[in-house]
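Coordinates as given in coords_26.cif (mmCIF, C-alpha atoms):
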```
data_protein
#
loop_
_atom_site.label_atom_id
_atom_site.label_comp_id
_atom_site.auth_asym_id
_atom_site.auth_seq_id
_atom_site.Cartn_x
_atom_site.Cartn_y
_atom_site.Cartn_z
CA MET F 1 0.00 0.00 0.00
CA THR F 2 1.26 3.46 -0.83
CA ALA F 3 2.34 5.81 1.94
CA ALA F 4 0.94 9.31 2.43
CA VAL F 5 3.91 11.61 2.99
CA ILE F 6 4.53 15.21 3.99
CA VAL F 7 6.72 17.08 1.52
CA ASP F 8 6.61 20.50 3.19
CA ALA F 9 4.78 22.35 5.97
CA ILE F 10 4.67 26.09 6.61
CA ARG F 11 2.82 28.68 8.64
CA THR F 12 2.49 32.40 9.14
CA PRO F 13 3.70 34.02 12.33
CA SER F 14 0.95 34.46 14.89
CA GLY F 15 -0.85 37.76 15.12
CA LYS F 16 -2.86 39.01 18.06
CA GLY F 17 -6.49 38.39 17.19
CA LYS F 18 -7.72 41.89 17.84
CA PRO F 19 -7.71 45.25 16.04
CA GLY F 20 -4.12 46.42 15.77
CA GLY F 21 -2.65 42.91 15.74
CA GLN F 22 0.13 42.51 13.21
CA LEU F 23 -2.06 40.46 10.82
CA SER F 24 -5.36 42.21 11.49
CA GLY F 25 -5.02 44.30 8.34
CA VAL F 26 -4.78 41.22 6.13
CA HIS F 27 -7.99 39.76 4.68
CA PRO F 28 -8.24 36.10 5.79
CA THR F 29 -8.50 34.92 2.19
CA ASP F 30 -5.29 36.77 1.38
CA LEU F 31 -3.64 35.24 4.45
CA LEU F 32 -4.42 31.72 3.27
CA SER F 33 -3.56 32.59 -0.35
CA HIS F 34 -0.14 33.70 0.84
CA VAL F 35 0.76 30.37 2.46
CA LEU F 36 -0.57 28.45 -0.56
CA ARG F 37 1.64 30.48 -2.91
CA GLU F 38 4.64 30.05 -0.63
CA LEU F 39 4.09 26.30 -0.34
CA VAL F 40 4.08 25.98 -4.14
CA ARG F 41 7.10 28.28 -4.49
CA ARG F 42 9.17 26.50 -1.84
CA THR F 43 8.57 23.02 -3.20
CA GLY F 44 8.57 23.89 -6.89
CA VAL F 45 5.57 21.63 -7.43
CA ASP F 46 3.45 22.35 -10.49
CA PRO F 47 0.16 23.53 -8.93
CA ALA F 48 -1.75 21.93 -11.81
CA VAL F 49 -1.00 18.49 -10.32
CA VAL F 50 -2.80 19.29 -7.04
CA ASP F 51 -5.91 17.11 -6.87
CA ASP F 52 -7.61 19.04 -4.07
CA VAL F 53 -7.06 21.68 -1.41
CA ILE F 54 -8.76 20.91 1.90
CA GLY F 55 -8.90 23.79 4.37
CA GLY F 56 -10.06 24.26 7.92
CA CYS F 57 -11.88 27.35 9.18
CA VAL F 58 -14.17 27.70 12.20
CA GLY F 59 -15.66 31.17 11.78
CA GLN F 60 -17.24 30.62 8.38
CA ALA F 61 -19.03 33.94 8.20
CA GLY F 62 -18.40 37.35 6.66
CA GLU F 63 -14.94 37.45 5.09
CA GLN F 64 -14.47 33.74 5.89
CA ALA F 65 -17.75 32.58 4.33
CA LEU F 66 -18.57 30.90 1.01
CA ASN F 67 -15.80 28.27 1.00
CA ILE F 68 -12.83 30.47 1.85
CA THR F 69 -10.41 27.74 0.75
CA ARG F 70 -11.63 27.96 -2.85
CA SER F 71 -11.34 31.74 -2.73
CA ALA F 72 -7.79 31.39 -1.41
CA VAL F 73 -6.87 28.96 -4.21
CA LEU F 74 -8.05 31.45 -6.79
CA GLY F 75 -6.43 34.37 -4.96
CA ALA F 76 -3.14 32.48 -4.86
CA GLY F 77 -3.13 32.21 -8.64
CA LEU F 78 -3.42 28.43 -8.69
CA PRO F 79 -5.06 26.98 -11.83
CA GLU F 80 -8.84 27.18 -11.91
CA SER F 81 -8.83 23.40 -12.32
CA VAL F 82 -7.67 22.98 -8.70
CA PRO F 83 -10.75 22.41 -6.48
CA ALA F 84 -11.05 23.22 -2.80
CA THR F 85 -13.33 22.67 0.16
CA THR F 86 -13.60 24.10 3.67
CA ILE F 87 -14.40 21.96 6.69
CA ASP F 88 -15.29 22.66 10.31
CA ARG F 89 -14.29 20.29 13.07
CA GLN F 90 -13.91 23.25 15.38
CA CYS F 91 -10.34 23.67 16.70
CA GLY F 92 -9.25 20.51 14.89
CA SER F 93 -10.44 21.66 11.47
CA SER F 94 -7.09 21.73 9.68
CA GLN F 95 -5.90 18.63 11.52
CA GLN F 96 -8.96 16.92 10.09
CA ALA F 97 -8.07 18.43 6.71
CA ALA F 98 -4.68 16.70 6.96
CA HIS F 99 -6.43 13.44 7.87
CA PHE F 100 -8.76 13.69 4.88
CA ALA F 101 -5.83 14.53 2.60
CA ALA F 102 -3.72 11.58 3.75
CA GLN F 103 -6.64 9.18 3.87
CA GLY F 104 -7.62 10.17 0.33
CA ILE F 105 -4.11 9.31 -0.81
CA LEU F 106 -4.12 5.99 1.06
CA ALA F 107 -7.47 5.17 -0.56
CA GLY F 108 -6.09 5.92 -4.03
CA ALA F 109 -8.43 8.85 -4.62
CA TYR F 110 -5.65 11.48 -4.59
CA ASP F 111 -1.98 11.75 -5.50
CA VAL F 112 -1.28 15.34 -4.41
CA VAL F 113 -3.26 17.34 -1.85
CA ILE F 114 -2.76 20.50 0.16
CA ALA F 115 -4.16 20.49 3.70
CA CYS F 116 -4.39 23.95 5.23
CA GLY F 117 -6.28 26.26 7.53
CA VAL F 118 -6.90 29.89 8.35
CA GLU F 119 -8.52 32.02 11.03
CA SER F 120 -8.63 35.78 11.41
CA MET F 121 -10.05 36.24 14.89
CA SER F 122 -9.43 39.97 14.72
CA ARG F 123 -11.76 40.34 11.74
CA ILE F 124 -14.23 37.52 12.41
CA PRO F 125 -14.61 37.35 16.20
CA MET F 126 -15.10 33.95 17.80
CA GLY F 127 -18.76 32.97 17.81
CA THR F 128 -19.71 35.17 14.84
CA PRO F 129 -21.40 32.39 12.78
CA SER F 130 -23.89 31.57 15.55
CA MET F 131 -24.34 35.08 16.91
CA GLY F 132 -27.96 35.58 17.90
CA GLN F 133 -28.92 32.12 16.63
CA ASP F 134 -30.02 28.87 18.27
CA ALA F 135 -27.40 26.60 16.71
CA ALA F 136 -28.20 23.52 18.79
CA GLY F 137 -31.85 22.82 18.05
CA THR F 138 -34.53 21.14 20.16
CA GLY F 139 -32.97 17.66 20.19
CA VAL F 140 -29.77 18.83 21.86
CA ALA F 141 -31.75 20.94 24.33
CA ALA F 142 -33.87 17.92 25.24
CA ARG F 143 -30.83 15.69 25.68
CA TYR F 144 -29.00 18.24 27.84
CA PRO F 145 -31.80 20.04 29.72
CA ASP F 146 -29.37 21.81 32.04
CA GLY F 147 -27.58 23.24 29.02
CA LEU F 148 -23.99 23.03 27.86
CA VAL F 149 -21.26 25.53 28.69
CA ASN F 150 -18.50 27.41 26.92
CA GLN F 151 -15.00 25.95 26.69
CA GLY F 152 -13.67 28.15 29.47
CA VAL F 153 -16.13 26.66 31.96
CA SER F 154 -15.24 23.19 30.66
CA ALA F 155 -11.60 23.99 31.40
CA GLU F 156 -12.60 25.01 34.92
CA LEU F 157 -14.44 21.73 35.45
CA ILE F 158 -11.42 19.77 34.19
CA ALA F 159 -9.05 21.68 36.49
CA GLY F 160 -11.29 20.83 39.43
CA ARG F 161 -11.79 17.17 38.55
CA TRP F 162 -8.05 16.58 38.04
CA LYS F 163 -7.15 18.70 41.09
CA LEU F 164 -4.99 21.13 39.14
CA SER F 165 -4.17 24.21 41.18
CA ARG F 166 -3.92 27.77 39.94
CA GLU F 167 -0.17 27.49 40.53
CA ASP F 168 -0.01 24.36 38.35
CA LEU F 169 -1.74 26.17 35.51
CA ASP F 170 0.32 29.35 35.72
CA GLU F 171 3.63 27.50 36.01
CA TYR F 172 2.79 25.43 32.95
CA SER F 173 1.76 28.53 31.00
CA ALA F 174 4.96 30.39 31.86
CA ARG F 175 6.90 27.34 30.68
CA SER F 176 5.07 27.46 27.34
CA HIS F 177 6.22 31.04 26.78
CA ALA F 178 9.76 30.23 27.91
CA ARG F 179 10.05 27.29 25.53
CA ALA F 180 8.60 29.23 22.59
CA ALA F 181 10.86 32.21 23.27
CA ALA F 182 13.94 29.99 23.52
CA THR F 183 13.08 28.23 20.27
CA ALA F 184 12.54 31.53 18.48
CA ALA F 185 15.82 32.95 19.81
CA ALA F 186 17.67 29.87 18.55
CA GLY F 187 16.11 30.19 15.09
CA GLY F 188 14.00 27.08 15.58
CA PHE F 189 10.95 28.56 13.87
CA ASP F 190 12.81 30.16 10.97
CA SER F 191 12.28 27.33 8.50
CA GLU F 192 8.55 27.02 9.16
CA ILE F 193 7.45 30.66 9.29
CA VAL F 194 6.81 32.47 6.01
CA PRO F 195 6.94 36.28 6.37
CA VAL F 196 3.66 38.03 5.66
CA PRO F 197 3.70 41.41 3.90
CA VAL F 198 1.40 43.79 5.76
CA LEU F 199 -0.15 46.72 3.92
CA GLY F 200 1.08 50.00 5.35
CA ALA F 201 3.76 48.39 7.51
CA GLU F 202 7.43 49.13 7.01
CA GLN F 203 8.35 45.46 7.01
CA ALA F 204 6.73 42.04 6.83
CA ALA F 205 5.49 40.19 9.90
CA VAL F 206 8.11 37.53 10.69
CA LEU F 207 7.83 36.79 14.45
CA ASP F 208 5.08 35.31 16.58
CA GLU F 209 3.38 38.30 18.18
CA THR F 210 1.79 36.27 20.98
CA VAL F 211 5.00 35.00 22.61
CA ARG F 212 6.00 36.89 25.77
CA ALA F 213 9.52 35.94 26.85
CA SER F 214 9.16 37.84 30.14
CA THR F 215 6.18 35.78 31.36
CA THR F 216 6.53 34.42 34.90
CA PRO F 217 4.21 32.46 37.19
CA ALA F 218 4.25 35.42 39.59
CA GLY F 219 3.09 37.77 36.86
CA LEU F 220 0.32 35.40 35.75
CA ALA F 221 -0.85 35.00 39.35
CA GLY F 222 -2.15 38.57 39.33
CA LEU F 223 -4.68 37.95 36.52
CA ARG F 224 -8.35 37.55 37.37
CA PRO F 225 -10.43 34.52 36.28
CA SER F 226 -12.23 35.06 32.98
CA PHE F 227 -15.36 32.91 33.09
CA ARG F 228 -16.93 33.44 36.48
CA ASP F 229 -20.36 35.04 36.44
CA GLU F 230 -23.47 34.81 38.59
CA GLU F 231 -25.24 32.18 36.47
CA THR F 232 -22.35 29.74 36.16
CA GLY F 233 -21.35 30.37 39.76
CA CYS F 234 -24.77 29.22 40.92
CA ARG F 235 -24.78 26.21 38.59
CA PHE F 236 -21.29 25.06 39.55
CA PRO F 237 -20.69 26.12 43.15
CA GLU F 238 -17.83 23.62 43.38
CA ILE F 239 -15.65 25.53 40.90
CA ASP F 240 -12.64 27.34 42.35
CA TRP F 241 -12.28 29.74 39.46
CA LYS F 242 -8.73 29.76 38.05
CA ILE F 243 -8.84 30.03 34.21
CA THR F 244 -7.42 33.43 33.19
CA PRO F 245 -6.16 35.05 29.98
CA GLY F 246 -2.67 34.00 31.08
CA ASN F 247 -3.31 30.26 31.22
CA SER F 248 -5.51 30.20 28.11
CA SER F 249 -4.60 30.44 24.44
CA PRO F 250 -4.93 34.00 23.10
CA LEU F 251 -7.21 35.07 20.28
CA THR F 252 -5.00 34.72 17.22
CA ASP F 253 -4.77 35.36 13.48
CA GLY F 254 -2.84 32.93 11.30
CA ALA F 255 -2.72 30.43 8.45
CA SER F 256 -0.77 27.24 7.76
CA ALA F 257 -0.47 24.63 5.01
CA VAL F 258 1.00 21.17 4.40
CA LEU F 259 1.79 19.53 1.05
CA VAL F 260 0.76 15.86 1.16
CA MET F 261 1.50 13.29 -1.57
CA SER F 262 1.70 9.61 -2.22
CA GLU F 263 5.28 8.51 -1.76
CA LYS F 264 5.33 7.24 -5.34
CA ARG F 265 4.23 10.62 -6.74
CA ALA F 266 6.76 12.49 -4.62
CA ASN F 267 9.53 10.28 -5.98
CA GLU F 268 8.31 10.77 -9.55
CA LEU F 269 8.42 14.56 -9.04
CA GLY F 270 11.86 14.44 -7.46
CA LEU F 271 10.59 15.73 -4.11
CA ARG F 272 11.94 14.49 -0.78
CA PRO F 273 9.31 13.23 1.68
CA ARG F 274 10.01 14.56 5.17
CA ALA F 275 7.60 12.33 7.10
CA ARG F 276 4.80 9.85 6.57
CA PHE F 277 1.38 9.67 8.17
CA HIS F 278 1.42 6.58 10.35
CA SER F 279 -1.99 6.43 12.10
CA PHE F 280 -5.13 8.48 12.70
CA ALA F 281 -7.91 8.62 15.28
CA VAL F 282 -10.94 10.75 15.97
CA THR F 283 -13.42 10.45 18.80
CA GLY F 284 -16.37 12.09 20.46
CA SER F 285 -16.47 12.91 24.17
CA ASP F 286 -18.72 14.44 26.82
CA PRO F 287 -19.79 17.84 25.41
CA LEU F 288 -19.93 19.31 28.91
CA LEU F 289 -16.30 18.32 29.53
CA MET F 290 -15.65 18.93 25.85
CA LEU F 291 -11.87 19.19 26.15
CA THR F 292 -11.19 15.69 27.48
CA GLY F 293 -11.42 13.86 24.15
CA VAL F 294 -7.65 14.11 23.66
CA VAL F 295 -7.20 11.21 26.09
CA PRO F 296 -9.39 8.57 24.38
CA ALA F 297 -8.26 9.82 20.96
CA THR F 298 -4.61 9.27 21.95
CA GLN F 299 -5.36 5.87 23.43
CA LYS F 300 -7.19 4.86 20.27
CA LEU F 301 -4.31 6.11 18.12
CA LEU F 302 -1.63 4.25 20.08
CA ALA F 303 -3.66 1.04 19.99
CA ARG F 304 -4.01 1.28 16.22
CA ALA F 305 -0.31 2.01 15.81
CA GLY F 306 0.76 -0.79 18.14
CA LEU F 307 2.90 1.67 20.10
CA ARG F 308 3.17 2.90 23.70
CA ILE F 309 3.45 6.50 24.82
CA GLU F 310 7.11 5.76 25.67
CA ASP F 311 7.77 5.10 21.96
CA ILE F 312 6.78 8.64 20.96
CA ASP F 313 9.56 11.23 20.75
CA ALA F 314 7.41 14.38 20.95
CA TYR F 315 3.77 15.18 21.66
CA GLU F 316 1.89 18.26 20.51
CA VAL F 317 -1.22 18.61 22.69
CA ASN F 318 -3.02 21.82 21.83
CA GLU F 319 -2.95 24.28 24.70
CA ALA F 320 -6.45 25.66 24.35
CA PHE F 321 -6.31 25.98 28.14
CA ALA F 322 -3.55 24.83 30.48
CA PRO F 323 -5.67 22.07 32.13
CA VAL F 324 -5.90 20.20 28.82
CA PRO F 325 -2.23 19.19 28.31
CA LEU F 326 -1.75 18.75 32.07
CA MET F 327 -4.75 16.43 32.33
CA TRP F 328 -3.58 14.56 29.19
CA GLN F 329 -0.05 14.19 30.59
CA ARG F 330 -1.37 12.78 33.84
CA GLU F 331 -3.78 10.32 32.21
CA LEU F 332 -1.17 9.04 29.72
CA ASP F 333 1.71 9.13 32.22
CA ALA F 334 3.61 11.04 29.56
CA ASP F 335 7.07 12.59 29.81
CA PRO F 336 6.65 16.35 30.46
CA GLU F 337 9.90 17.08 28.61
CA ARG F 338 8.43 15.70 25.38
CA LEU F 339 5.16 17.62 25.79
CA ASN F 340 4.98 20.71 23.58
CA PRO F 341 8.78 21.04 23.59
CA ARG F 342 8.72 24.26 21.55
CA GLY F 343 5.90 25.83 23.52
CA GLY F 344 2.24 25.54 22.68
CA ALA F 345 -0.82 27.60 21.87
CA ILE F 346 -0.69 29.53 25.15
CA ALA F 347 2.44 31.18 23.75
CA LEU F 348 2.27 30.58 19.98
CA GLY F 349 -1.42 31.32 19.65
CA HIS F 350 -4.49 29.37 18.59
CA PRO F 351 -5.86 30.58 15.24
CA LEU F 352 -8.67 27.99 15.43
CA GLY F 353 -8.99 26.70 11.85
CA ALA F 354 -5.23 26.98 11.23
CA SER F 355 -4.05 25.34 14.46
CA GLY F 356 -4.09 21.73 13.29
CA THR F 357 -1.64 22.18 10.45
CA ARG F 358 0.32 24.68 12.57
CA LEU F 359 0.93 22.02 15.22
CA LEU F 360 1.84 19.54 12.50
CA THR F 361 4.35 22.00 11.03
CA THR F 362 6.03 22.64 14.38
CA LEU F 363 6.05 18.93 15.29
CA LEU F 364 7.70 17.98 12.00
CA ASN F 365 10.43 20.58 12.39
CA HIS F 366 11.11 19.49 15.97
CA LEU F 367 11.50 15.84 14.96
CA GLU F 368 13.95 16.84 12.23
CA ALA F 369 15.94 19.08 14.56
CA THR F 370 16.23 16.43 17.28
CA GLY F 371 16.40 13.24 15.20
CA GLY F 372 13.16 11.92 16.67
CA ARG F 373 11.22 9.23 14.85
CA TYR F 374 7.59 9.43 16.01
CA GLY F 375 5.52 12.55 16.68
CA LEU F 376 2.00 12.57 18.11
CA GLN F 377 -0.45 15.43 17.79
CA THR F 378 -3.86 15.74 19.42
CA MET F 379 -6.44 18.50 19.56
CA CYS F 380 -9.52 19.03 21.75
CA GLU F 381 -12.52 20.37 19.87
CA GLY F 382 -15.74 22.21 20.58
CA GLY F 383 -18.82 20.05 21.04
CA GLY F 384 -16.80 17.26 22.66
CA MET F 385 -14.47 15.74 20.06
CA ALA F 386 -10.76 15.22 19.46
CA ASN F 387 -8.39 14.26 16.66
CA ALA F 388 -5.08 12.45 17.07
CA THR F 389 -2.37 12.02 14.43
CA LEU F 390 0.86 10.03 14.43
CA ILE F 391 3.65 10.88 11.99
CA GLU F 392 6.97 9.17 11.40
CA ARG F 393 9.98 11.20 10.32
CA LEU F 394 11.71 9.91 7.18
#
```

As structure tokens:
Amino acid sequence: MTAAVIVDAIRTPSGKGKPGGQLSGVHPTDLLSHVLRELVRRTGVDPAVVDDVIGGCVGQAGEQALNITRSAVLGAGLPESVPATTIDRQCGSSQQAAHFAAQGILAGAYDVVIACGVESMSRIPMGTPSMGQDAAGTGVAARYPDGLVNQGVSAELIAGRWKLSREDLDEYSARSHARAAATAAAGGFDSEIVPVPVLGAEQAAVLDETVRASTTPAGLAGLRPSFRDEETGCRFPEIDWKITPGNSSPLTDGASAVLVMSEKRANELGLRPRARFHSFAVTGSDPLLMLTGVVPATQKLLARAGLRIEDIDAYEVNEAFAPVPLMWQRELDADPERLNPRGGAIALGHPLGASGTRLLTTLLNHLEATGGRYGLQTMCEGGGMANATLIERL
């Protein structure tokens, strides 16, 4: 059976997802078009051979509506014959795009695919698609009569259930910034970040705007909890509120893309595969504790791969909130030194639809820099789901 391989993987630097952020002046379609053009330029692949472009985007409204991936393909100057589709598996959207791309190749339906993602949270604020709408319907309301909660409250419930203190969360978050800052200072992100020209700016955006090298646990300790209000306080009197902006991922703008091929086609085109997709998993989980799915997804992945957590050289567990990777680490008995070794979303940002292929890009570069063989990536997702991906460096 043919292998599905990664030929290249790139991303934009992170931008603060608010007005004035370094990427806030860039239309999200143009942001994704930019990484698609750069991916083609860097690899030298003839874009006419691309069978499909599969993109992730969560806020599919306004400037991100109407199949933004197709708009980005056209905006990038790729041939009109190249199709595209946009999917939404919440935070795991572009990770799922990578799964679909690789699985299509393994099934023989594709030879060359681009998996990608984009989110401009400064221009399309989180929650815009469902603003003022009942998105759940009567069946969900009947099944969960007490109602569901936002992800921040889910993070609070997880912190309480796994007995994670405020100090645990803040120390982990400060470590995320320290690791990201150290990697950036050593040039560790240079090969994965593509500079983004910004209209009206003197120079292109080249550095992650969300990383704060000066972050300390003491500094984070002064931040107030974000999700406490009278209604949730009455519903969950057991919560000792501790989720703050400092131990959560920031609102972020960004885009990322991965060129995926069959190994045979890569060889025919004279392109060097950097890694192969080894195994995949996706699972649903309790939508109240919607961030816990990373545990069963990882367990399912390892079982399919016939590997143990000790066999994995690096794990990328998306830092939507600090309790998620800490809970995952505890449940899997995983090595903390291998967990998000270059920092995670708390420092590098979480541009929703782009995060899956961003994590994949960073994981691949880390394996190459350290000589690691296996890399595992997992992502919690809104509504109670999670994806898990295992790659093997070649």

Could you give me, as a VMD selection string, the residues within 7 Å of range 217-230 of chain F, counting all atoms listed in the file and dropping anything in the same chain fewer than 4 positions from it?
chain F and resid 152 to 153 170 to 171 174 234 241 to 246

Write the residues of the selection above to a file with C-alpha atoms, as a CSV table (one decimal), in the frame of the given file.
```
chain,number,residue,atom,x,y,z
F,152,GLY,CA,-13.7,28.2,29.5
F,153,VAL,CA,-16.1,26.7,32.0
F,170,ASP,CA,0.3,29.4,35.7
F,171,GLU,CA,3.6,27.5,36.0
F,174,ALA,CA,5.0,30.4,31.9
F,234,CYS,CA,-24.8,29.2,40.9
F,241,TRP,CA,-12.3,29.7,39.5
F,242,LYS,CA,-8.7,29.8,38.0
F,243,ILE,CA,-8.8,30.0,34.2
F,244,THR,CA,-7.4,33.4,33.2
F,245,PRO,CA,-6.2,35.0,30.0
F,246,GLY,CA,-2.7,34.0,31.1
```

To test your reading of the syntax: which residues would the PyMOL selection byres ((chain F and resi 128) around 9) return for the file shown? Reply as a count of residues only.
12

Would you list the contacts of range 203-206 of chain F as a CSV table (one decimal) with C-alpha atoms, in the coordinates of the input, taking every protein, DNA or RNA residue within 8 Å and counting all atoms listed in the file, but skipping same-chain residues closer than 4 positions in sequence?
```
chain,number,residue,atom,x,y,z
F,12,THR,CA,2.5,32.4,9.1
F,13,PRO,CA,3.7,34.0,12.3
F,22,GLN,CA,0.1,42.5,13.2
F,23,LEU,CA,-2.1,40.5,10.8
F,193,ILE,CA,7.4,30.7,9.3
F,194,VAL,CA,6.8,32.5,6.0
F,195,PRO,CA,6.9,36.3,6.4
F,196,VAL,CA,3.7,38.0,5.7
F,197,PRO,CA,3.7,41.4,3.9
F,198,VAL,CA,1.4,43.8,5.8
```

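Taking CA of Gly349 in chain F and CA of Ile10 in chain F as the two end points, the separation is 15.3 Å.
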
When you look at Ser93 in chain F with a cut-off of 12 Å (counting only C-alpha atoms), what residues show up, excluding the ones that are within fewer than 3 positions of it in the same chain? I need them as a VMD selection string.
chain F and resid 54 to 60 85 to 90 96 to 100 115 to 119 256 282 351 to 359 378 to 382 385 to 387

Quote the spacing between CA of Val7 in chain F and CA of Arg272 in chain F in Å to one decimal place.
6.3 Å

Evaluated on this file, the PyMOL selection byres ((chain F and resi 41) around 12) picks out some residues - which ones are they, written as a PyMOL selection string?
chain F and resi 8+10+34-40+42-47+76-78+194+259

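Distances here use only C-alpha atoms; by that measure, the residue among F:Met327, F:Val53, F:Ala201, F:Ala181 closest to Gly343 in chain F is F:Ala181.
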
From the list F:Thr361, F:Gly75, F:Gly233, F:His27, which residue is nearest Ala257 in chain F when using only C-alpha atoms?
F:Thr361

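If all atoms listed in the file are the atoms counted, then among F:Ser279, F:Thr232, F:Ser94, F:Gln64 the closest residue to Ala303 in chain F is F:Ser279.
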
Could you name the residues that touch Gly187 in chain F at 12 Å or less, counting only C-alpha atoms, but leaving out those on the same chain fewer than 4 positions away, as a ChimeraX atom specification?
/F:180-183,191-193,206-207,342,365-366,369

Please produce a file of the residues just selected, as a short mmCIF file (atom, residue, chain, number, x, y, z; two decimals), keeping the file's coordinate frame, where the atoms kept are C-alpha atoms.
```cif
data_model
loop_
_atom_site.label_atom_id
_atom_site.label_comp_id
_atom_site.auth_asym_id
_atom_site.auth_seq_id
_atom_site.Cartn_x
_atom_site.Cartn_y
_atom_site.Cartn_z
CA ALA F 180 8.60 29.23 22.59
CA ALA F 181 10.86 32.21 23.27
CA ALA F 182 13.94 29.99 23.52
CA THR F 183 13.08 28.23 20.27
CA SER F 191 12.28 27.33 8.50
CA GLU F 192 8.55 27.02 9.16
CA ILE F 193 7.45 30.66 9.29
CA VAL F 206 8.11 37.53 10.69
CA LEU F 207 7.83 36.79 14.45
CA ARG F 342 8.72 24.26 21.55
CA ASN F 365 10.43 20.58 12.39
CA HIS F 366 11.11 19.49 15.97
CA ALA F 369 15.94 19.08 14.56
#
```

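If you measure from each of F:Arg393, F:Arg373, F:Arg70, F:Arg175 to Leu339 in chain F using only C-alpha atoms, the closest one turns out to be F:Arg175.
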
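Among the candidate residues F:Leu288, F:Ala213, F:Leu326, F:Leu367, the one lying nearest to Ala347 in chain F is F:Ala213, with distances computed using only C-alpha atoms.
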
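CA of Thr292 in chain F lies 19.7 Å from CA of Val140 in chain F.
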
If we count all atoms listed in the file and set the cut-off at 8 Å, which residues sit around Val5 in chain F, ignoring sequence neighbours fewer than 4 positions away in its own chain? Please answer as a ChimeraX atom specification.
/F:102,260-263,273-277

Go ahead and dump the residues you just picked, C-alpha atoms, as a PDB file, keeping the file's coordinate frame.
```
ATOM      1  CA  ALA F 102      -3.720  11.580   3.750  1.00  0.00           C
ATOM      2  CA  VAL F 260       0.760  15.860   1.160  1.00  0.00           C
ATOM      3  CA  MET F 261       1.500  13.290  -1.570  1.00  0.00           C
ATOM      4  CA  SER F 262       1.700   9.610  -2.220  1.00  0.00           C
ATOM      5  CA  GLU F 263       5.280   8.510  -1.760  1.00  0.00           C
ATOM      6  CA  PRO F 273       9.310  13.230   1.680  1.00  0.00           C
ATOM      7  CA  ARG F 274      10.010  14.560   5.170  1.00  0.00           C
ATOM      8  CA  ALA F 275       7.600  12.330   7.100  1.00  0.00           C
ATOM      9  CA  ARG F 276       4.800   9.850   6.570  1.00  0.00           C
ATOM     10  CA  PHE F 277       1.380   9.670   8.170  1.00  0.00           C
TER      11      PHE F 277
END
```

Pull out every residue that the PyMOL selection byres ((chain F and resi 52) around 6) matches in the shown coordinates and put them as a PDB file with C-alpha atoms, keeping the file's coordinate frame.
```pdb
ATOM      1  CA  VAL F  50      -2.800  19.290  -7.040  1.00  0.00           C
ATOM      2  CA  ASP F  51      -5.910  17.110  -6.870  1.00  0.00           C
ATOM      3  CA  VAL F  53      -7.060  21.680  -1.410  1.00  0.00           C
ATOM      4  CA  PRO F  83     -10.750  22.410  -6.480  1.00  0.00           C
ATOM      5  CA  ALA F  84     -11.050  23.220  -2.800  1.00  0.00           C
ATOM      6  CA  VAL F 113      -3.260  17.340  -1.850  1.00  0.00           C
TER       7      VAL F 113
END
```

Using only C-alpha atoms, pick whichever of F:Glu63, F:Glu80, F:Asp311, F:Asp190 has the shortest atom-to-atom distance to Asp335 in chain F.
F:Asp311

Would you tabulate, counting all atoms listed in the file, all residues of range 168-211 of chain F that have an atom at most 8 Å from an atom of range 15-20 of chain F, showing the closest pair of atoms and their distance in Å to one decimal, sorted by chain then ascending number, as JSON lines?
```
{"residue": "F:Asp208", "atom": "CA", "partner": "F:Gly15", "partner_atom": "CA", "distance": 6.6}
{"residue": "F:Glu209", "atom": "CA", "partner": "F:Gly15", "partner_atom": "CA", "distance": 5.2}
{"residue": "F:Thr210", "atom": "CA", "partner": "F:Lys16", "partner_atom": "CA", "distance": 6.1}
```

Around all the atoms of range 224-232 of chain F listed in the file, with 8 Å of room on each side, what axis-aligned box do you get, giving centre and edge lengths in Å to one decimal, as AutoDock Vina command-line options?
```
--center_x -16.8 --center_y 33.6 --center_z 35.8 --size_x 32.9 --size_y 23.8 --size_z 21.6
```

Dump N, CA and C atoms of range 330-337 of chain F from the given block, as a compact mmCIF listing (two decimals), in the first residue's frame.
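Written out: out-v4.txt:
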```txt
# COMPACT_ATOMS: atom_id res chain seq x y z
N ARG F 330 -1.13 13.61 32.66
CA ARG F 330 -1.37 12.78 33.84
C ARG F 330 -2.04 11.46 33.46
N GLU F 331 -3.04 11.53 32.58
CA GLU F 331 -3.78 10.32 32.21
C GLU F 331 -2.93 9.36 31.39
N LEU F 332 -2.02 9.89 30.56
CA LEU F 332 -1.17 9.04 29.72
C LEU F 332 0.15 8.70 30.38
N ASP F 333 0.42 9.29 31.55
CA ASP F 333 1.71 9.13 32.22
C ASP F 333 2.84 9.48 31.25
N ALA F 334 2.70 10.62 30.61
CA ALA F 334 3.61 11.04 29.56
C ALA F 334 4.76 11.87 30.12
N ASP F 335 5.87 11.85 29.42
CA ASP F 335 7.07 12.59 29.81
C ASP F 335 6.85 14.09 29.59
N PRO F 336 6.89 14.92 30.63
CA PRO F 336 6.65 16.35 30.46
C PRO F 336 7.69 17.03 29.56
N GLU F 337 8.88 16.47 29.46
CA GLU F 337 9.90 17.08 28.61
C GLU F 337 9.58 16.92 27.14
```
